[in-house]
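**Q** What follows is the file run_0.pdb, containing PDB, C-alpha atoms:
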ATOM      1  CA  MET A   1      74.718 131.825 -35.189
ATOM      2  CA  LEU A   2      71.819 129.491 -35.889
ATOM      3  CA  TYR A   3      71.283 126.434 -33.685
ATOM      4  CA  MET A   4      69.120 123.346 -33.912
ATOM      5  CA  HIS A   5      67.957 121.333 -30.915
ATOM      6  CA  ASP A   6      66.942 117.699 -30.346
ATOM      7  CA  VAL A   7      68.394 116.522 -33.644
ATOM      8  CA  TRP A   8      68.218 112.788 -34.336
ATOM      9  CA  VAL A   9      71.269 111.413 -36.149
ATOM     10  CA  ASN A  10      72.220 108.065 -37.637
ATOM     11  CA  TRP A  11      76.000 108.196 -38.030
ATOM     12  CA  PHE A  12      77.736 106.615 -41.003
ATOM     13  CA  GLU A  13      81.427 106.532 -40.210
ATOM     14  CA  GLY A  14      84.292 106.836 -42.681
ATOM     15  CA  GLU A  15      82.060 107.362 -45.707
ATOM     16  CA  GLU A  16      83.707 109.404 -48.441
ATOM     17  CA  ASN A  17      80.655 109.315 -50.722
ATOM     18  CA  GLY A  18      77.382 111.003 -49.866
ATOM     19  CA  TYR A  19      75.360 108.219 -51.482
ATOM     20  CA  ASN A  20      76.410 105.917 -48.641
ATOM     21  CA  VAL A  21      75.082 108.297 -45.983
ATOM     22  CA  CYS A  22      71.565 106.923 -45.972
ATOM     23  CA  TYR A  23      68.455 109.074 -46.054
ATOM     24  CA  PHE A  24      65.793 108.562 -43.398
ATOM     25  CA  HIS A  25      63.699 106.109 -45.447
ATOM     26  CA  GLU A  26      66.686 103.710 -45.471
ATOM     27  CA  TRP A  27      67.442 103.863 -41.761
ATOM     28  CA  ARG A  28      67.152 100.503 -40.013
ATOM     29  CA  LYS A  29      65.883  99.692 -36.544
ATOM     30  CA  GLU A  30      69.285  98.132 -35.812
ATOM     31  CA  ASP A  31      71.086 101.430 -36.547
ATOM     32  CA  GLY A  32      72.433 103.309 -33.556
ATOM     33  CA  ILE A  33      70.290 106.454 -33.573
ATOM     34  CA  GLU A  34      71.613 109.237 -31.307
ATOM     35  CA  LEU A  35      70.290 112.595 -30.114
ATOM     36  CA  LEU A  36      72.144 115.876 -30.464
ATOM     37  CA  ASP A  37      70.885 118.201 -27.765
ATOM     38  CA  GLN A  38      72.242 121.237 -29.598
ATOM     39  CA  VAL A  39      74.119 121.662 -32.868
ATOM     40  CA  PRO A  40      75.058 124.755 -34.916
ATOM     41  CA  LEU A  41      73.591 125.223 -38.390
ATOM     42  CA  LEU A  42      75.777 126.596 -41.197
ATOM     43  CA  TYR A  43      74.485 127.841 -44.550
ATOM     44  CA  ILE A  44      77.408 127.237 -46.936
ATOM     45  CA  THR A  45      78.190 127.236 -50.653
ATOM     46  CA  GLU A  46      77.286 124.306 -52.901
ATOM     47  CA  GLU A  47      80.979 123.675 -53.581
ATOM     48  CA  LEU A  48      81.912 123.409 -49.914
ATOM     49  CA  PHE A  49      78.837 121.279 -49.167
ATOM     50  CA  PHE A  50      79.868 118.812 -51.903
ATOM     51  CA  TYR A  51      83.436 118.792 -50.550
ATOM     52  CA  ILE A  52      82.242 117.845 -47.050
ATOM     53  CA  GLU A  53      79.544 115.425 -48.195
ATOM     54  CA  ASN A  54      81.688 113.512 -50.660
ATOM     55  CA  ASP A  55      85.147 113.347 -49.149
ATOM     56  CA  MET A  56      87.095 113.017 -45.917
ATOM     57  CA  GLN A  57      89.611 115.792 -46.329
ATOM     58  CA  GLU A  58      90.540 118.472 -43.820
ATOM     59  CA  LEU A  59      87.835 121.042 -43.160
ATOM     60  CA  PRO A  60      88.476 124.809 -43.432
ATOM     61  CA  LYS A  61      89.940 126.235 -40.243
ATOM     62  CA  PRO A  62      87.540 129.237 -40.206
ATOM     63  CA  LEU A  63      84.606 126.815 -40.286
ATOM     64  CA  LEU A  64      86.060 124.690 -37.491
ATOM     65  CA  ASP A  65      86.734 127.781 -35.372
ATOM     66  CA  VAL A  66      83.101 128.901 -35.699
ATOM     67  CA  ILE A  67      81.627 125.581 -34.497
ATOM     68  CA  TYR A  68      84.265 124.697 -31.865
ATOM     69  CA  LYS A  69      82.561 123.085 -28.856
ATOM     70  CA  ARG A  70      79.132 124.464 -29.760
ATOM     71  CA  ALA A  71      77.418 121.084 -30.176
ATOM     72  CA  TYR A  72      76.223 118.764 -27.430
ATOM     73  CA  MET A  73      75.093 115.157 -27.421
ATOM     74  CA  ARG A  74      72.468 113.853 -25.015
ATOM     75  CA  LYS A  75      72.534 110.335 -23.562
ATOM     76  CA  GLY A  76      70.034 109.927 -20.753
ATOM     77  CA  GLN A  77      70.918 112.602 -18.220
ATOM     78  CA  ASP A  78      74.452 113.050 -19.581
ATOM     79  CA  ARG A  79      75.264 115.988 -21.852
ATOM     80  CA  THR A  80      78.569 115.672 -23.728
ATOM     81  CA  VAL A  81      80.264 118.413 -25.713
ATOM     82  CA  LEU A  82      81.342 117.611 -29.280
ATOM     83  CA  GLU A  83      84.525 119.345 -30.388
ATOM     84  CA  TYR A  84      83.547 119.914 -34.030
ATOM     85  CA  ALA A  85      80.012 119.054 -35.179
ATOM     86  CA  SER A  86      77.481 120.912 -37.275
ATOM     87  CA  VAL A  87      74.423 120.713 -39.488
ATOM     88  CA  ILE A  88      75.271 122.105 -42.926
ATOM     89  CA  THR A  89      73.095 123.059 -45.882
ATOM     90  CA  ASP A  90      73.580 124.617 -49.307
ATOM     91  CA  GLY A  91      69.899 125.483 -49.542
ATOM     92  CA  ASN A  92      69.032 122.303 -51.428
ATOM     93  CA  ASN A  93      70.609 119.539 -49.321
ATOM     94  CA  THR A  94      71.352 118.935 -45.663
ATOM     95  CA  LEU A  95      73.927 116.930 -43.722
ATOM     96  CA  VAL A  96      75.231 116.585 -40.177
ATOM     97  CA  PHE A  97      78.897 115.872 -39.522
ATOM     98  CA  ASP A  98      81.054 115.167 -36.476
ATOM     99  CA  THR A  99      84.856 115.073 -36.634
ATOM    100  CA  ILE A 100      85.144 113.123 -33.326
ATOM    101  CA  GLY A 101      87.964 115.484 -32.438
ATOM    102  CA  TYR A 102      89.835 115.412 -35.750
ATOM    103  CA  ARG A 103      89.679 117.971 -38.541
ATOM    104  CA  ILE A 104      87.916 115.779 -41.079
ATOM    105  CA  PRO A 105      84.209 114.834 -41.245
ATOM    106  CA  VAL A 106      84.599 111.312 -39.852
ATOM    107  CA  ARG A 107      80.900 110.750 -39.112
ATOM    108  CA  LYS A 108      78.011 111.918 -41.271
ATOM    109  CA  SER A 109      74.247 111.669 -40.990
ATOM    110  CA  ARG A 110      71.126 112.784 -42.787
ATOM    111  CA  LEU A 111      68.246 114.450 -40.976
ATOM    112  CA  ILE A 112      64.745 113.192 -40.452
ATOM    113  CA  PRO A 113      62.325 114.923 -42.901
ATOM    114  CA  ARG A 114      60.735 117.229 -40.313
ATOM    115  CA  GLN A 115      64.131 118.559 -39.209
ATOM    116  CA  GLU A 116      65.326 118.832 -42.786
ATOM    117  CA  GLN A 117      62.383 121.112 -43.543
ATOM    118  CA  LEU A 118      63.175 123.096 -40.399
ATOM    119  CA  VAL A 119      66.664 123.772 -41.778
ATOM    120  CA  TYR A 120      65.217 125.323 -44.936
ATOM    121  CA  ASP A 121      62.814 127.414 -42.869
ATOM    122  CA  MET A 122      65.635 128.653 -40.627
ATOM    123  CA  ILE A 123      67.861 129.860 -43.492
ATOM    124  CA  LYS A 124      65.174 131.744 -45.429
ATOM    125  CA  ASN A 125      66.527 135.094 -44.291
ATOM    126  CA  ALA A 126      70.141 133.999 -43.845
ATOM    127  CA  LYS A 127      73.110 134.633 -46.145
ATOM    128  CA  VAL A 128      75.433 131.972 -47.483
ATOM    129  CA  GLN A 129      78.672 131.929 -45.477
ATOM    130  CA  SER A 130      81.831 131.575 -47.525
ATOM    131  CA  TYR A 131      84.727 129.752 -45.917
ATOM    132  CA  LYS A 132      88.045 129.439 -47.730
ATOM    133  CA  TYR A 133      88.463 125.726 -47.980
ATOM    134  CA  VAL A 134      91.643 123.745 -48.398
ATOM    135  CA  ALA A 135      91.311 122.354 -51.920
ATOM    136  CA  LYS A 136      90.664 125.408 -54.085
ATOM    137  CA  ASN A 137      90.828 123.349 -57.274
ATOM    138  CA  TYR A 138      89.079 120.416 -55.670
ATOM    139  CA  LYS A 139      87.701 117.746 -57.946
ATOM    140  CA  LYS A 140      86.316 114.501 -56.630
ATOM    141  CA  GLU A 141      88.141 111.457 -57.979
ATOM    142  CA  TYR A 142      86.294 108.167 -58.291
ATOM    143  CA  HIS A 143      87.624 104.658 -58.757
ATOM    144  CA  MET A 144      86.459 101.071 -58.484
ATOM    145  CA  LEU A 145      86.257 101.091 -54.670
ATOM    146  CA  SER A 146      84.726 104.561 -54.678
ATOM    147  CA  MET A 147      82.339 104.354 -57.582
ATOM    148  CA  PRO A 148      80.930 107.391 -59.402
ATOM    149  CA  PRO A 149      77.338 108.208 -58.416
ATOM    150  CA  GLU A 150      75.890 107.300 -61.797
ATOM    151  CA  LEU A 151      76.846 103.655 -61.125
ATOM    152  CA  ILE A 152      75.130 103.751 -57.721
ATOM    153  CA  PHE A 153      72.030 105.945 -57.944
ATOM    154  CA  GLY A 154      68.786 104.002 -57.959
ATOM    155  CA  LEU A 155      70.149 101.138 -55.863
ATOM    156  CA  THR A 156      68.803 100.302 -52.402
ATOM    157  CA  ARG A 157      70.999 100.420 -49.306
ATOM    158  CA  ARG A 158      71.415  96.637 -49.463
ATOM    159  CA  GLU A 159      72.276  96.699 -53.164
ATOM    160  CA  ARG A 160      74.854  99.442 -52.631
ATOM    161  CA  GLN A 161      76.515  97.436 -49.876
ATOM    162  CA  LEU A 162      76.588  94.254 -51.947
ATOM    163  CA  LYS A 163      77.918  96.133 -54.957
ATOM    164  CA  GLN A 164      80.720  97.446 -52.766
ATOM    165  CA  LEU A 165      81.456  93.853 -51.742
ATOM    166  CA  LEU A 166      81.548  92.813 -55.384
ATOM    167  CA  MET A 167      83.997  95.593 -56.187
ATOM    168  CA  ILE A 168      86.251  94.549 -53.302
ATOM    169  CA  GLY A 169      86.255  91.017 -54.699
ATOM    170  CA  LEU A 170      87.016  92.282 -58.196
ATOM    171  CA  ASP A 171      89.807  94.499 -56.876
ATOM    172  CA  GLN A 172      91.436  91.451 -55.287
ATOM    173  CA  LEU A 173      91.041  89.599 -58.565
ATOM    174  CA  ARG A 174      92.738  92.418 -60.462
ATOM    175  CA  THR A 175      95.572  92.584 -57.928
ATOM    176  CA  THR A 176      96.474  88.900 -58.344
ATOM    177  CA  ASN A 177      95.849  89.240 -62.123
ATOM    178  CA  HIS A 178      95.941  85.479 -62.715
ATOM    179  CA  LEU A 179      94.875  84.880 -66.304
ATOM    180  CA  GLU A 180      93.052  81.579 -65.839
ATOM    181  CA  GLU A 181      91.259  82.886 -62.773
ATOM    182  CA  LEU A 182      90.161  86.006 -64.655
ATOM    183  CA  ARG A 183      88.915  83.876 -67.522
ATOM    184  CA  TYR A 184      87.004  81.660 -65.096
ATOM    185  CA  TRP A 185      85.131  84.579 -63.538
ATOM    186  CA  LEU A 186      84.343  86.214 -66.858
ATOM    187  CA  THR A 187      82.930  82.883 -68.001
ATOM    188  CA  GLU A 188      80.833  82.752 -64.815
ATOM    189  CA  TRP A 189      79.484  86.186 -65.642
ATOM    190  CA  ASP A 190      79.015  85.710 -69.371
ATOM    191  CA  PRO A 191      79.121  82.005 -70.375
ATOM    192  CA  LYS A 192      78.135  82.764 -73.965
ATOM    193  CA  ARG A 193      81.492  84.442 -74.519
ATOM    194  CA  TYR A 194      83.505  81.355 -73.556
ATOM    195  CA  PRO A 195      84.656  80.560 -77.130
ATOM    196  CA  TYR A 196      86.317  84.000 -77.235
ATOM    197  CA  ILE A 197      87.383  84.292 -73.588
ATOM    198  CA  ARG A 198      89.991  81.527 -73.853
ATOM    199  CA  PHE A 199      91.908  83.597 -76.405
ATOM    200  CA  MET A 200      91.822  86.874 -74.438
ATOM    201  CA  ASP A 201      94.751  88.232 -72.393
ATOM    202  CA  GLU A 202      94.585  89.566 -68.830
ATOM    203  CA  ASP A 203      93.761  93.161 -69.751
ATOM    204  CA  ALA A 204      91.057  92.204 -72.228
ATOM    205  CA  VAL A 205      89.416  89.777 -69.795
ATOM    206  CA  TRP A 206      89.532  92.267 -66.944
ATOM    207  CA  THR A 207      88.097  95.070 -69.038
ATOM    208  CA  ALA A 208      85.261  92.856 -70.282
ATOM    209  CA  LEU A 209      84.466  91.687 -66.740
ATOM    210  CA  TYR A 210      84.491  95.128 -65.134
ATOM    211  CA  GLU A 211      82.607  96.802 -67.976
ATOM    212  CA  GLY A 212      80.042  94.026 -67.784
ATOM    213  CA  VAL A 213      79.298  94.287 -64.061
ATOM    214  CA  LYS A 214      79.744  98.007 -63.313
ATOM    215  CA  GLU A 215      76.259  99.073 -64.383
ATOM    216  CA  GLY A 216      73.229  98.539 -62.139
ATOM    217  CA  TRP A 217      72.443  95.559 -59.930
ATOM    218  CA  SER A 218      70.678  92.296 -60.721
ATOM    219  CA  TYR A 219      70.407  88.664 -59.659
ATOM    220  CA  ARG A 220      73.421  87.948 -61.871
ATOM    221  CA  HIS A 221      75.482  90.535 -59.984
ATOM    222  CA  GLU A 222      74.378  89.048 -56.680
ATOM    223  CA  ASP A 223      75.197  85.497 -57.767
ATOM    224  CA  LEU A 224      78.678  86.524 -58.952
ATOM    225  CA  CYS A 225      79.304  88.423 -55.713
ATOM    226  CA  ARG A 226      78.279  85.453 -53.564
ATOM    227  CA  LYS A 227      80.611  83.100 -55.459
ATOM    228  CA  LEU A 228      83.507  85.550 -55.644
ATOM    229  CA  ILE A 229      83.725  86.218 -51.888
ATOM    230  CA  LYS A 230      83.260  82.595 -50.831
ATOM    231  CA  GLY A 231      85.959  81.477 -48.407
ATOM    232  CA  GLN A 232      86.739  85.022 -47.194
ATOM    233  CA  PRO A 233      85.272  85.214 -43.658
ATOM    234  CA  PHE A 234      85.183  89.016 -43.353
ATOM    235  CA  LEU A 235      83.445  89.512 -46.688
ATOM    236  CA  GLU A 236      81.128  86.571 -46.058
ATOM    237  CA  LYS A 237      80.120  88.158 -42.748
ATOM    238  CA  MET A 238      79.221  91.400 -44.513
ATOM    239  CA  TRP A 239      77.212  89.380 -47.028
ATOM    240  CA  GLU A 240      75.316  87.638 -44.230
ATOM    241  CA  ILE A 241      74.564  90.958 -42.506
ATOM    242  CA  GLU A 242      73.044  92.492 -45.636
ATOM    243  CA  ASN A 243      71.016  89.411 -46.479
ATOM    244  CA  GLY A 244      69.869  89.165 -42.873
ATOM    245  CA  GLN A 245      68.633  92.746 -43.148
ATOM    246  CA  GLU A 246      66.605  91.836 -46.236
ATOM    247  CA  GLN A 247      64.987  88.934 -44.413
ATOM    248  CA  ASN A 248      64.102  91.177 -41.451
ATOM    249  CA  ALA A 249      62.564  93.751 -43.765
ATOM    250  CA  SER A 250      60.359  91.145 -45.442
ATOM    251  CA  GLN A 251      59.017  89.759 -42.165
TER     252      GLN A 251
END
Before we go any further, please render this structure as structure tokens.
**A**
Amino acid sequence: MLYMHDVWVNWFEGEENGYNVCYFHEWRKEDGIELLDQVPLLYITEELFFYIENDMQELPKPLLDVIYKRAYMRKGQDRTVLEYASVITDGNNTLVFDTIGYRIPVRKSRLIPRQEQLVYDMIKNAKVQSYKYVAKNYKKEYHMLSMPPELIFGLTRRERQLKQLLMIGLDQLRTTNHLEELRYWLTEWDPKRYPYIRFMDEDAVWTALYEGVKEGWSYRHEDLCRKLIKGQPFLEKMWEIENGQEQNASQ
């Protein structure tokens, strides 16, 4: 078995989409960077890599058996064993995961560039290991709160987080499905359509609003997000965190 040593990780917990597991250039000084003293390296198929990177479903038992208690974390002089943790690669991408004792990849991290290159060097003469994984006919399903990559790629870490906030706000709006409220927010987004909006039903308004905001990110998106989450302390706190990060980055 291949092993890596002194691996720096920046855990993103509970992320079911790989695009939210930030690459090194988006790591922040406030992130809790940790050191893995030792961690196994698995060279796996593209299909299994995608399954682990982009979901939080149960991992194949043969894979878990291979890595059981073979990873260690270092904190000062303390060395702690991790039940199931590994670096994985399909030859084109890399990822680190830790199940924190469960059988799903609860925490995920990217590698720093130097260690990412080391992975590719280490597998040059290795063979892809095939593990029978749970979902044989697996197909990733996306929805408004788990957006397809094409609606996310190209956005910064901050923009992705704010877009997620916007989608949470829109999801709440759709759940209540109050016609006048829907019309109000569509008018906020697209005032020029007001003469037509007042004659549209709930489904038509919702479709126009979602179709209008789902692509990209702009000042208009940000303004709508800020207004939509106003008065919701938890969402406002997330907004403040992301905007605080932007201010820190510009200083």
**Q** Do a neighbour search on Trp189 of chain A at 10 Å with only C-alpha atoms, toss out local chain neighbours closer than 2 positions, and write the hits as a ChimeraX atom specification.
**A** /A:183-187,191-193,208-209,212-213,220-221,223-224
**Q** Expand the PyMOL selection byres ((chain A and resi 168) around 12) into the individual residues it matches in the shown file, reporting them as an NGL selection string.
**A** :A and (143-147 or 161-167 or 169-175 or 210 or 225 or 228-229 or 232 or 234-236 or 238)
**Q** Pick out the closest residue to Ser109 of chain A from this set: A:Ile241, A:Val9, A:Met200, A:Ile44. Count all atoms listed in the file.
**A**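 Of A:Ile241, A:Val9, A:Met200, A:Ile44, the one nearest Ser109 of chain A is A:Val9, counting all atoms listed in the file.
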**Q** Arg70 of chain A: which residues within 12 Å, counting all atoms listed in the file, same-chain residues fewer than 5 positions away excluded, as a list in words?
**A** Met1, Leu2, Tyr3, Met4, His5, Leu36, Asp37, Gln38, Val39, Pro40, Leu41, Leu64, Asp65, Thr80, Val81, Leu82, Glu83, Tyr84, Ala85, Ser86, Val87 and Asp98 of chain A
**Q** With all atoms listed in the file as the atoms that count, which of A:Lys61, A:Lys227, A:Arg158, A:Arg74 lies nearest to Asp6 of chain A?
**A** A:Arg74
**Q** Work out how far atom CA of Lys75 of chain A is from atom CA of Gly32 of chain A, in Å to one decimal.
**A** 12.2 Å
**Q** Written as a ChimeraX atom specification, which residues does the PyMOL selection byres ((chain A and resi 150-156) around 9) give for the file shown?
**A** /A:19,26,147-149,157-161,163,214-217
**Q** Apply the PyMOL selection byres ((chain A and resi 25) around 12) to the displayed file and report the matching residues as a list of chain:residue names.
**A**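 Those residues are A:Asn10, A:Val21, A:Cys22, A:Tyr23, A:Phe24, A:Glu26, A:Trp27, A:Arg28, A:Lys29, A:Arg110, A:Leu111, A:Ile112, A:Pro113, A:Thr156, A:Arg157.
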**Q** Each side padded by 8 Å, which centre and which edge lengths in Å (one decimal) define the axis-aligned box around the listed atoms of segment 112-126 of chain A? Give them as lines of an AutoDock Vina configuration file.
**A**
center_x = 65.4
center_y = 124.1
center_z = -42.3
size_x = 25.4
size_y = 37.9
size_z = 22.2
**Q** Would you mind reading off the distance between atom CA of Glu180 of chain A and atom CA of Thr207 of chain A, one decimal, in Å?
**A** 14.7 Å
**Q** Neighbouring residues of Ile88 of chain A were defined as those with any atom within 10 Å, considering all atoms listed in the file; residues of the same chain fewer than 2 positions away were excluded. Please report them as a PyMOL selection string.
**A** chain A and resi 40-45+48-49+52-53+85-86+90-91+93-97+119
**Q** With all atoms listed in the file as the atoms that count, which of A:Asn177, A:Lys140, A:Glu34, A:Gln117 lies nearest to Tyr72 of chain A?
**A**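 Answer, going by the shortest atom-to-atom distance: A:Glu34.
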**Q** Between A:Leu35, A:Asn243, A:Lys139, A:Arg107, which one has atoms that come closest to Arg79 of chain A, using all atoms listed in the file?
**A**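 Nearest candidate to Arg79 of chain A out of A:Leu35, A:Asn243, A:Lys139, A:Arg107: A:Leu35.
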**Q** Looking at A:Tyr196, A:Trp206, A:Tyr219, A:Tyr68, which one is nearest to Tyr102 of chain A, with distances taken over only C-alpha atoms?
**A**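 Closest to Tyr102 of chain A, using only C-alpha atoms: A:Tyr68.
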